[in-house]
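Written out below as structure tokens is the structure these notes cover.
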Amino acid sequence: LEHASSSAHAPLCLECLWVLTNLTASSSKACVALVAHPGFEAMMLEHLNPQTPVLMETAMWILGNLVRDADAENVYDHVVEKTGILRAMYGCVFPPALETMSADIARTCAWAVTGLFAGRREDVEYDALESLKGLFVSSGDETVVREIGHGLWNWIARWNKKKRRDRYERRHVLAIFGDDGGGIFGGLAIARTIVSMVKAPRLAGMGLKLAGYVCSMDTEWAGTLVNKLLLGGLLDALMYVLVWEESANEKHCNDALWTLSNILAGTEWQALRVVGHGILRLVPAYFAASAPHAREACWCVTNLVVLRPRDIFHDGLTQLPTAWAMRAARKHLPSWWHAALAIAIGDVRALDDWSADGLAAAVDEEGRGLECVAVASGHVPVLQ
């Protein structure tokens, strides 16, 4: 620590910082001892300076090791309580520091700051989120984008526990896009970066996680976020996954279908945007696929059709072989949804293989829902 605190001898200082980096990476006891040392904060503040990028990077490595050490008791809390260190960390990834930052240093900084997303201090993580947005939307480096993407996911997932989901979920998702009343980066830039992740093979998994999660949220408050993703080119990205990764990554294809089905369950504008895009023409190929793919493909059809006026989904049905869709829905979806789909498209024959008791049971269970489908689609006689 004595030599590491003297920038006058930069080579020796760097070597000492490197020793501390390796110590904190390999020993929880060293992590505890370092944060308790009276010279720790002053040393960090000295080197968290974009004007000395090599020393700054090594200091960021130390902090990243500290906040990620799950075995070191209270180390995370000791670090985040030192607000001067946090402000200096954020300053290292915030403009104008980004203008002269090399790709390697940017990767280290992104990794270190995303270590703060531990589901423990919401105020700390919110500030970390805001500090990373500029790097997220401006970096062309896949490693940087992937690290920050994981950080965004942890910002959602680690606070999304059953006991506190209703309290944090909406606030955290809105904060990512700057729609929480704070932040300086527009949501469209964030949305475009998430969409770009979906199209990049090494980033597609995390991109689909983030996009799919947003599209599955309550339309009442998340509808504008879904709109931003659509304006950012999400449908093109999903089509890319379904066309080019059909045989390469089944998980990505399934996530893409799930995301598409959630968009179709959203507002009429969102559904019409999907219909006008033409991506629905890719869905029938998955009716005969494995169960997870076929089920999500069926949800795309039912979410488009059920409970919507016929003039909304008519054009979409021209892109889908309805008889094939009905057979797939009968096999992969709950019986009520199969009946609802048959009523919505006015296909009485699709119900011919039902027993009278089975159909009566569906009506008894979800009679009101089936009535709503019949009224919305103008096919009340089918219900009768």
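Residues are referred to by chain and number: the chain letter is A, B, ... according to the order shown in the structure tokens, the number counts from 1 in that chain, and ligands are numbered separately from 1 in the order shown.
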- Item | helix (DSSP H, G or I) positions in range 172-369 of chain A, given as a ChimeraX atom specification | /A:172-176,187-199,204-215,219-231,234-244,250-264,268-277,279-286,291-305,310-317,322-332,335-345,348-351,356-369
- Message: Would you pick out the contacts of range 87-104 of chain A at 10 Å or less, using only C-alpha atoms, so that residues sharing its chain but fewer than 2 positions from it are not included, and give the list as a PyMOL selection string?
- Response: chain A and resi 44-51+53+56-57+59-60+63+80+82-85+106-110+112-113+127-136+138-144
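Using only C-alpha atoms, the nearest neighbour of Arg281 in chain A within the list A:Asn227, A:Ser261, A:Gln319, A:Thr193 is A:Gln319.
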Find the residues of range 249-303 of chain A that sit at most 6 Å from range 199-216 of chain A; for each, write down the nearest two atoms and how far apart they are in Å, to one decimal. Count only C-alpha atoms. Sort by chain, then by number going up, and give it as a Markdown table.
```
| residue | atom | partner | partner_atom | distance |
| --- | --- | --- | --- | --- |
| A:Thr259 | CA | A:Gly212 | CA | 4.6 |
| A:Asn262 | CA | A:Ser216 | CA | 5.5 |
| A:Ile263 | CA | A:Cys215 | CA | 5.9 |
```
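Taking CA of Met197 in chain A as the reference point, CA of Gly151 in chain A is found at 14.0 Å.
In this structure, CA of Ala157 in chain A sits 22.5 Å away from CA of Leu86 in chain A.
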